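S.K.: Structure incoming, see below.
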Amino acid sequence: MGRVFGVIAFLVLLAAWNTGTNLLYIIFAGLVSFILLSLLLSKRNLRGTHLVQQGPESVHRGQEALLTLYVENRKRYLPALGLRMESSRTAEGPLAHLIKVPPRGCAMVHAAQSFPKRGLWPLPDITIYSAFPFGLAESWVTFEGNGEVLVYPRVWPVTREPLLEQEGAGRMHKPARTQGAEFFSLRDYVRGDDTRLIAWRRSARTGTLVVKELEMDTAHNTVLVLDTQEIPGDPSFEENFETAIELAASLAVELLRRNHVVSLITPDREVLPGTSQAQQRRIMDVLARLEPTPPRGRPFQPTQARNLEAGAVLYLTADAERWGRRGPGDSARVMSPKEVIRG
(Lines give C-alpha, C1' and ligand atoms only; values in the text may rest on other atoms or scores of the structure.)
Protein backbone atom coordinates (compact mmCIF):
# COMPACT_ATOMS: atom_id res chain seq x y z
CA MET A 1 0.00 0.00 0.00
CA GLY A 2 2.77 2.44 0.93
CA ARG A 3 4.72 1.67 -2.26
CA VAL A 4 1.68 2.25 -4.44
CA PHE A 5 1.02 5.53 -2.66
CA GLY A 6 4.68 6.54 -3.17
CA VAL A 7 4.51 5.74 -6.89
CA ILE A 8 1.39 7.87 -7.22
CA ALA A 9 3.11 10.77 -5.44
CA PHE A 10 6.13 10.45 -7.77
CA LEU A 11 3.92 10.50 -10.86
CA VAL A 12 2.14 13.61 -9.57
CA LEU A 13 5.54 15.26 -9.05
CA LEU A 14 6.59 14.44 -12.63
CA ALA A 15 3.34 15.88 -13.94
CA ALA A 16 3.87 19.05 -11.87
CA TRP A 17 7.41 19.46 -13.30
CA ASN A 18 6.23 18.99 -16.87
CA THR A 19 3.21 21.26 -16.67
CA GLY A 20 4.24 23.73 -13.97
CA THR A 21 0.72 23.57 -12.55
CA ASN A 22 0.59 24.84 -8.96
CA LEU A 23 -2.36 22.61 -8.14
CA LEU A 24 -0.29 19.50 -8.87
CA TYR A 25 2.46 20.77 -6.54
CA ILE A 26 -0.15 21.25 -3.83
CA ILE A 27 -1.47 17.71 -4.40
CA PHE A 28 2.10 16.34 -4.26
CA ALA A 29 2.76 18.18 -0.99
CA GLY A 30 -0.45 16.74 0.44
CA LEU A 31 0.54 13.19 -0.53
CA VAL A 32 4.02 13.53 1.01
CA SER A 33 2.52 15.01 4.17
CA PHE A 34 0.11 12.08 4.36
CA ILE A 35 3.03 9.60 4.16
CA LEU A 36 5.03 11.45 6.81
CA LEU A 37 1.97 11.63 9.06
CA SER A 38 1.46 7.88 8.68
CA LEU A 39 5.09 7.22 9.66
CA LEU A 40 4.85 9.53 12.66
CA LEU A 41 1.64 7.94 13.92
CA SER A 42 2.94 4.39 13.48
CA LYS A 43 6.03 5.25 15.57
CA ARG A 44 3.78 6.89 18.13
CA ASN A 45 1.63 3.78 18.21
CA LEU A 46 4.65 1.62 19.17
CA ARG A 47 5.99 4.01 21.81
CA GLY A 48 5.78 2.48 25.29
CA THR A 49 5.30 -1.04 23.93
CA HIS A 50 7.17 -3.81 25.74
CA LEU A 51 7.23 -7.56 25.09
CA VAL A 52 8.12 -10.56 27.28
CA GLN A 53 8.02 -14.10 25.95
CA GLN A 54 7.88 -17.45 27.70
CA GLY A 55 8.52 -20.85 26.17
CA PRO A 56 8.45 -24.46 27.36
CA GLU A 57 11.50 -25.91 29.09
CA SER A 58 11.76 -28.64 26.49
CA VAL A 59 10.27 -29.74 23.19
CA HIS A 60 11.04 -32.52 20.71
CA ARG A 61 12.82 -31.84 17.44
CA GLY A 62 10.40 -30.94 14.66
CA GLN A 63 7.60 -30.32 17.15
CA GLU A 64 6.12 -26.85 17.42
CA ALA A 65 6.75 -25.16 20.75
CA LEU A 66 4.00 -22.93 22.06
CA LEU A 67 5.40 -19.50 22.94
CA THR A 68 3.42 -17.17 25.18
CA LEU A 69 3.89 -13.50 24.29
CA TYR A 70 2.96 -10.79 26.77
CA VAL A 71 2.65 -7.39 25.10
CA GLU A 72 2.49 -4.45 27.51
CA ASN A 73 1.36 -0.94 26.58
CA ARG A 74 2.96 1.56 28.98
CA LYS A 75 1.34 4.65 27.45
CA ARG A 76 -0.88 6.51 29.87
CA TYR A 77 -3.83 7.38 27.67
CA LEU A 78 -3.48 5.92 24.15
CA PRO A 79 -3.99 2.26 23.17
CA ALA A 80 -1.61 0.34 20.90
CA LEU A 81 -3.49 -0.75 17.80
CA GLY A 82 -2.90 -3.12 14.90
CA LEU A 83 0.29 -4.89 16.07
CA ARG A 84 1.96 -7.69 14.12
CA MET A 85 4.65 -9.95 15.65
CA GLU A 86 7.31 -11.83 13.69
CA SER A 87 10.13 -14.13 14.76
CA SER A 88 13.77 -13.73 13.76
CA ARG A 89 13.91 -17.50 13.18
CA THR A 90 10.88 -17.89 10.92
CA ALA A 91 10.36 -16.41 7.47
CA GLU A 92 7.00 -18.09 6.85
CA GLY A 93 4.92 -15.17 8.07
CA PRO A 94 3.79 -13.40 11.22
CA LEU A 95 3.64 -15.28 14.50
CA ALA A 96 0.61 -13.43 15.83
CA HIS A 97 -1.53 -10.30 15.58
CA LEU A 98 -3.03 -8.05 18.21
CA ILE A 99 -5.87 -5.69 17.39
CA LYS A 100 -5.64 -3.62 20.54
CA VAL A 101 -3.64 -3.31 23.75
CA PRO A 102 -5.34 -0.86 26.15
CA PRO A 103 -3.36 1.95 27.81
CA ARG A 104 -1.47 0.76 30.89
CA GLY A 105 -2.66 -2.72 29.96
CA CYS A 106 -1.23 -6.04 28.84
CA ALA A 107 -2.36 -8.55 26.23
CA MET A 108 -1.36 -12.20 25.93
CA VAL A 109 -1.12 -14.15 22.71
CA HIS A 110 0.15 -17.64 21.87
CA ALA A 111 2.42 -18.38 18.92
CA ALA A 112 3.89 -21.61 17.53
CA GLN A 113 7.64 -21.82 16.90
CA SER A 114 9.48 -24.90 15.58
CA PHE A 115 13.11 -25.84 16.23
CA PRO A 116 14.74 -27.86 13.43
CA LYS A 117 17.65 -29.33 15.44
CA ARG A 118 18.10 -30.75 18.91
CA GLY A 119 20.18 -28.96 21.52
CA LEU A 120 19.85 -25.89 23.71
CA TRP A 121 18.25 -23.06 21.71
CA PRO A 122 17.72 -19.45 22.79
CA LEU A 123 14.23 -18.10 22.37
CA PRO A 124 13.97 -16.11 19.11
CA ASP A 125 14.04 -12.34 18.88
CA ILE A 126 10.53 -10.96 18.34
CA THR A 127 9.85 -7.87 16.24
CA ILE A 128 6.61 -5.93 16.65
CA TYR A 129 5.43 -4.06 13.52
CA SER A 130 2.84 -1.32 13.25
CA ALA A 131 1.38 0.30 10.13
CA PHE A 132 -1.43 2.03 12.04
CA PRO A 133 -3.44 4.03 11.09
CA PHE A 134 -3.20 4.29 7.29
CA GLY A 135 -0.94 1.38 6.36
CA LEU A 136 1.29 3.65 4.26
CA ALA A 137 4.43 3.48 6.44
CA GLU A 138 5.54 0.79 8.87
CA SER A 139 7.51 1.12 12.08
CA TRP A 140 8.96 -1.67 14.20
CA VAL A 141 10.75 -2.45 17.45
CA THR A 142 12.72 -5.65 18.23
CA PHE A 143 12.90 -7.44 21.59
CA GLU A 144 15.62 -10.00 22.32
CA GLY A 145 14.63 -13.50 23.38
CA ASN A 146 14.82 -13.95 27.13
CA GLY A 147 15.12 -17.67 27.78
CA GLU A 148 16.15 -21.03 26.34
CA VAL A 149 14.44 -24.18 25.11
CA LEU A 150 16.04 -27.62 25.30
CA VAL A 151 15.17 -29.48 22.09
CA TYR A 152 14.97 -33.24 22.57
CA PRO A 153 15.54 -35.75 19.75
CA ARG A 154 12.52 -37.05 17.91
CA VAL A 155 10.84 -40.17 19.26
CA TRP A 156 9.62 -42.82 16.80
CA PRO A 157 7.41 -45.85 17.40
CA VAL A 158 9.54 -49.01 17.63
CA THR A 159 8.82 -52.64 16.85
CA ARG A 160 8.93 -55.33 19.51
CA GLU A 161 10.42 -58.18 17.46
CA PRO A 162 14.01 -56.89 16.96
CA LEU A 163 14.31 -56.37 20.72
CA LEU A 164 13.38 -59.97 21.41
CA GLU A 165 15.65 -61.30 18.68
CA GLN A 166 18.76 -59.78 20.22
CA GLU A 167 21.15 -62.21 21.83
CA GLY A 168 20.71 -61.79 25.51
CA ALA A 169 17.20 -60.42 25.07
CA GLY A 170 16.06 -63.16 27.40
CA ARG A 171 18.06 -61.38 30.06
CA MET A 172 15.40 -58.67 29.97
CA HIS A 173 13.47 -60.99 32.21
CA LYS A 174 16.22 -61.21 34.80
CA PRO A 175 15.06 -59.38 37.90
CA ALA A 176 16.28 -55.86 38.45
CA ARG A 177 15.02 -53.52 41.13
CA THR A 178 12.30 -50.94 40.70
CA GLN A 179 10.23 -48.82 43.02
CA GLY A 180 8.29 -50.70 45.70
CA ALA A 181 6.38 -49.70 48.81
CA GLU A 182 8.94 -49.49 51.66
CA PHE A 183 10.80 -46.25 52.47
CA PHE A 184 14.49 -46.30 51.50
CA SER A 185 15.96 -42.75 51.49
CA LEU A 186 15.46 -39.10 50.48
CA ARG A 187 16.80 -37.31 47.40
CA ASP A 188 16.29 -34.03 45.53
CA TYR A 189 13.15 -33.68 43.44
CA VAL A 190 13.49 -34.06 39.64
CA ARG A 191 10.74 -32.80 37.34
CA GLY A 192 8.64 -35.82 36.42
CA ASP A 193 8.85 -37.44 39.87
CA ASP A 194 5.57 -38.51 41.43
CA THR A 195 4.40 -35.55 43.52
CA ARG A 196 2.82 -38.00 45.97
CA LEU A 197 6.34 -38.97 47.06
CA ILE A 198 7.39 -35.42 48.03
CA ALA A 199 8.46 -35.21 51.69
CA TRP A 200 6.66 -31.95 52.49
CA ARG A 201 7.91 -31.51 56.05
CA ARG A 202 11.55 -32.01 55.09
CA SER A 203 11.07 -29.78 52.02
CA ALA A 204 9.61 -27.01 54.19
CA ARG A 205 12.57 -27.17 56.62
CA THR A 206 15.25 -27.15 53.92
CA GLY A 207 13.53 -24.87 51.39
CA THR A 208 14.23 -27.45 48.64
CA LEU A 209 11.86 -30.09 47.33
CA VAL A 210 12.94 -33.63 48.25
CA VAL A 211 11.21 -36.92 47.47
CA LYS A 212 11.12 -40.29 49.15
CA GLU A 213 12.94 -43.18 47.50
CA LEU A 214 11.24 -46.48 48.12
CA GLU A 215 12.62 -49.98 48.36
CA MET A 216 12.87 -51.72 45.02
CA ASP A 217 10.80 -54.56 43.62
CA THR A 218 11.73 -56.71 40.62
CA ALA A 219 11.63 -55.41 37.04
CA HIS A 220 13.47 -55.83 33.74
CA ASN A 221 16.81 -54.09 33.29
CA THR A 222 18.09 -52.76 29.94
CA VAL A 223 21.32 -50.86 29.24
CA LEU A 224 21.56 -48.64 26.15
CA VAL A 225 25.18 -48.33 24.98
CA LEU A 226 25.57 -45.47 22.48
CA ASP A 227 28.86 -45.10 20.60
CA THR A 228 29.25 -41.40 19.76
CA GLN A 229 32.73 -41.59 18.19
CA GLU A 230 33.17 -39.46 15.10
CA ILE A 231 33.93 -41.21 11.81
CA PRO A 232 36.40 -39.09 9.79
CA GLY A 233 35.63 -38.80 6.10
CA ASP A 234 32.08 -40.15 6.35
CA PRO A 235 29.80 -37.66 4.52
CA SER A 236 26.67 -39.17 6.09
CA PHE A 237 28.00 -39.22 9.65
CA GLU A 238 25.98 -36.22 10.86
CA GLU A 239 22.72 -37.70 9.58
CA ASN A 240 23.53 -41.17 10.98
CA PHE A 241 24.56 -39.63 14.30
CA GLU A 242 21.16 -37.96 14.66
CA THR A 243 19.48 -41.23 13.63
CA ALA A 244 21.38 -43.14 16.34
CA ILE A 245 20.39 -40.58 18.97
CA GLU A 246 16.74 -40.70 17.89
CA LEU A 247 16.89 -44.50 18.04
CA ALA A 248 18.26 -44.33 21.59
CA ALA A 249 15.49 -41.91 22.59
CA SER A 250 12.79 -44.06 21.01
CA LEU A 251 14.04 -47.22 22.72
CA ALA A 252 14.30 -45.48 26.09
CA VAL A 253 10.72 -44.19 25.88
CA GLU A 254 9.35 -47.58 24.81
CA LEU A 255 11.27 -49.56 27.44
CA LEU A 256 10.31 -47.18 30.23
CA ARG A 257 6.72 -47.43 29.09
CA ARG A 258 7.05 -51.20 29.60
CA ASN A 259 8.35 -50.59 33.15
CA HIS A 260 11.97 -51.53 32.38
CA VAL A 261 14.82 -50.16 34.44
CA VAL A 262 16.79 -48.25 31.78
CA SER A 263 20.31 -46.80 31.84
CA LEU A 264 22.39 -45.06 29.18
CA ILE A 265 26.16 -45.24 28.65
CA THR A 266 28.20 -43.21 26.14
CA PRO A 267 31.97 -42.62 25.91
CA ASP A 268 31.70 -39.47 28.03
CA ARG A 269 28.30 -39.63 29.75
CA GLU A 270 26.33 -42.07 31.89
CA VAL A 271 22.76 -42.08 33.17
CA LEU A 272 22.36 -44.44 36.09
CA PRO A 273 19.54 -47.01 36.07
CA GLY A 274 16.08 -45.68 36.80
CA THR A 275 12.41 -45.77 35.92
CA SER A 276 9.43 -43.44 35.47
CA GLN A 277 9.10 -40.08 33.71
CA ALA A 278 11.94 -38.64 35.75
CA GLN A 279 14.35 -41.18 34.22
CA GLN A 280 12.99 -40.44 30.75
CA ARG A 281 13.71 -36.75 31.33
CA ARG A 282 17.29 -37.51 32.50
CA ILE A 283 17.99 -39.58 29.40
CA MET A 284 16.41 -37.01 27.07
CA ASP A 285 18.44 -34.20 28.68
CA VAL A 286 21.67 -36.10 27.98
CA LEU A 287 20.68 -37.08 24.43
CA ALA A 288 19.67 -33.49 23.60
CA ARG A 289 23.17 -32.23 24.47
CA LEU A 290 25.27 -35.07 23.04
CA GLU A 291 28.05 -34.16 20.62
CA PRO A 292 30.37 -36.51 18.68
CA THR A 293 33.47 -37.62 20.58
CA PRO A 294 36.97 -37.92 19.03
CA PRO A 295 37.62 -41.26 17.28
CA ARG A 296 39.61 -43.88 19.19
CA GLY A 297 40.17 -46.38 16.38
CA ARG A 298 37.98 -49.09 17.91
CA PRO A 299 34.28 -49.47 18.79
CA PHE A 300 33.27 -48.18 22.19
CA GLN A 301 32.96 -50.93 24.79
CA PRO A 302 31.93 -49.74 28.27
CA THR A 303 33.47 -51.14 31.43
CA GLN A 304 30.57 -50.47 33.81
CA ALA A 305 30.10 -54.18 34.48
CA ARG A 306 27.71 -53.54 37.34
CA ASN A 307 25.21 -52.17 34.81
CA LEU A 308 25.97 -54.48 31.88
CA GLU A 309 25.67 -57.69 33.85
CA ALA A 310 22.29 -56.76 35.30
CA GLY A 311 20.23 -57.23 32.12
CA ALA A 312 20.02 -56.84 28.36
CA VAL A 313 22.53 -54.64 26.52
CA LEU A 314 21.45 -52.79 23.35
CA TYR A 315 24.30 -51.32 21.26
CA LEU A 316 23.75 -48.21 19.13
CA THR A 317 26.16 -46.38 16.83
CA ALA A 318 26.37 -43.78 14.06
CA ASP A 319 28.48 -46.18 11.97
CA ALA A 320 25.97 -47.45 9.41
CA GLU A 321 28.32 -50.27 8.37
CA ARG A 322 27.96 -51.83 11.82
CA TRP A 323 24.17 -51.74 11.93
CA GLY A 324 22.83 -55.28 12.31
CA ARG A 325 26.31 -56.78 12.91
CA ARG A 326 27.93 -58.11 16.05
CA GLY A 327 28.63 -55.63 18.80
CA PRO A 328 32.04 -55.17 20.47
CA GLY A 329 33.40 -58.23 22.19
CA ASP A 330 31.20 -60.58 20.11
CA SER A 331 28.17 -59.44 22.07
CA ALA A 332 24.61 -58.77 20.90
CA ARG A 333 24.03 -57.26 17.47
CA VAL A 334 24.20 -53.51 16.97
CA MET A 335 20.66 -52.20 16.67
CA SER A 336 19.66 -51.19 13.13
CA PRO A 337 17.24 -48.26 12.81
CA LYS A 338 15.67 -49.86 9.73
CA GLU A 339 14.70 -52.91 11.79
CA VAL A 340 13.58 -51.13 14.93
CA ILE A 341 11.87 -47.87 13.90
CA ARG A 342 8.37 -48.16 12.50
CA GLY A 343 7.35 -45.64 9.84
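By convention in this document, the chains of the C-alpha coordinates carry letters A, B, ... by their order, each chain's residues are numbered from 1, and ligands are numbered from 1 in the order they are shown.
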If you take only C-alpha atoms and a cut-off of 8 Å, which residues of stretch 262-342 of chain A touch stretch 219-243 of chain A, and what are their nearest atom pairs and distances in Å to one decimal, in chain and number order, as a tab-separated table?
M.R.:
residue	atom	partner	partner_atom	distance
A:Val262	CA	A:Thr222	CA	5.0
A:Ser263	CA	A:Val223	CA	4.9
A:Leu264	CA	A:Leu224	CA	4.8
A:Ile265	CA	A:Val225	CA	4.9
A:Thr266	CA	A:Leu226	CA	5.0
A:Pro267	CA	A:Asp227	CA	6.6
A:Glu291	CA	A:Thr228	CA	7.4
A:Pro292	CA	A:Thr228	CA	5.1
A:Thr293	CA	A:Gln229	CA	4.7
A:Pro294	CA	A:Gln229	CA	5.7
A:Pro295	CA	A:Gln229	CA	5.0
A:Arg296	CA	A:Gln229	CA	7.3
A:Pro299	CA	A:Asp227	CA	7.2
A:Phe300	CA	A:Asp227	CA	5.6
A:Pro302	CA	A:Val225	CA	7.6
A:Asn307	CA	A:Val223	CA	6.9
A:Leu308	CA	A:Val223	CA	6.5
A:Ala310	CA	A:Asn221	CA	6.4
A:Gly311	CA	A:Asn221	CA	4.8
A:Ala312	CA	A:Thr222	CA	4.8
A:Val313	CA	A:Val223	CA	4.8
A:Leu314	CA	A:Leu224	CA	5.0
A:Tyr315	CA	A:Val225	CA	4.8
A:Leu316	CA	A:Leu226	CA	4.7
A:Thr317	CA	A:Asp227	CA	4.8
A:Ala318	CA	A:Phe241	CA	4.5
A:Asp319	CA	A:Asn240	CA	7.1
A:Ala320	CA	A:Asn240	CA	6.9
A:Pro337	CA	A:Thr243	CA	7.4
S.K.: Determine the nearest neighbour of A:Leu255 from the options A:Val158, A:Ala204, A:Leu37, A:Val59, counting only C-alpha atoms.
M.R.: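 The closest residue to A:Leu255 is A:Val158.
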S.K.: I'd like the interatomic distance between atom CA of A:Pro116 and atom CA of A:His60, to a tenth of an Å.
M.R.: 9.4 Å
S.K.: Atom CA of A:Glu86 and atom CA of A:Ile126 are how many Å apart?
M.R.: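 Taking atom CA of A:Glu86 as the start and atom CA of A:Ile126 as the end point, the length is 5.7 Å.
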S.K.: Would you mind listing what lies within 6 Å of A:Ala288 as a ChimeraX atom specification, with only C-alpha atoms counted and same-chain residues fewer than 6 positions away left out?
M.R.: /A:118-119,152
S.K.: Quick one: residues within 12 Å of A:Arg196, only C-alpha atoms counted, chain neighbours fewer than 6 positions away excluded, as a PDB file with N, CA and C atoms, in the first residue's frame?
M.R.:
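The resulting result-v4.pdb:
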ATOM      1  N   TYR A 189      14.233 -33.496  44.397  1.00  0.00           N
ATOM      2  CA  TYR A 189      13.150 -33.685  43.441  1.00  0.00           C
ATOM      3  C   TYR A 189      13.644 -33.414  42.025  1.00  0.00           C
ATOM      4  N   VAL A 210      12.305 -32.313  48.196  1.00  0.00           N
ATOM      5  CA  VAL A 210      12.937 -33.633  48.251  1.00  0.00           C
ATOM      6  C   VAL A 210      11.837 -34.680  48.159  1.00  0.00           C
ATOM      7  N   VAL A 211      12.183 -35.835  47.616  1.00  0.00           N
ATOM      8  CA  VAL A 211      11.214 -36.919  47.466  1.00  0.00           C
ATOM      9  C   VAL A 211      11.720 -38.158  48.173  1.00  0.00           C
ATOM     10  N   LYS A 212      10.788 -39.028  48.504  1.00  0.00           N
ATOM     11  CA  LYS A 212      11.122 -40.290  49.155  1.00  0.00           C
ATOM     12  C   LYS A 212      11.493 -41.321  48.101  1.00  0.00           C
ATOM     13  N   GLU A 213      12.595 -42.021  48.313  1.00  0.00           N
ATOM     14  CA  GLU A 213      12.941 -43.176  47.497  1.00  0.00           C
ATOM     15  C   GLU A 213      12.487 -44.413  48.231  1.00  0.00           C
TER      16      GLU A 213
END
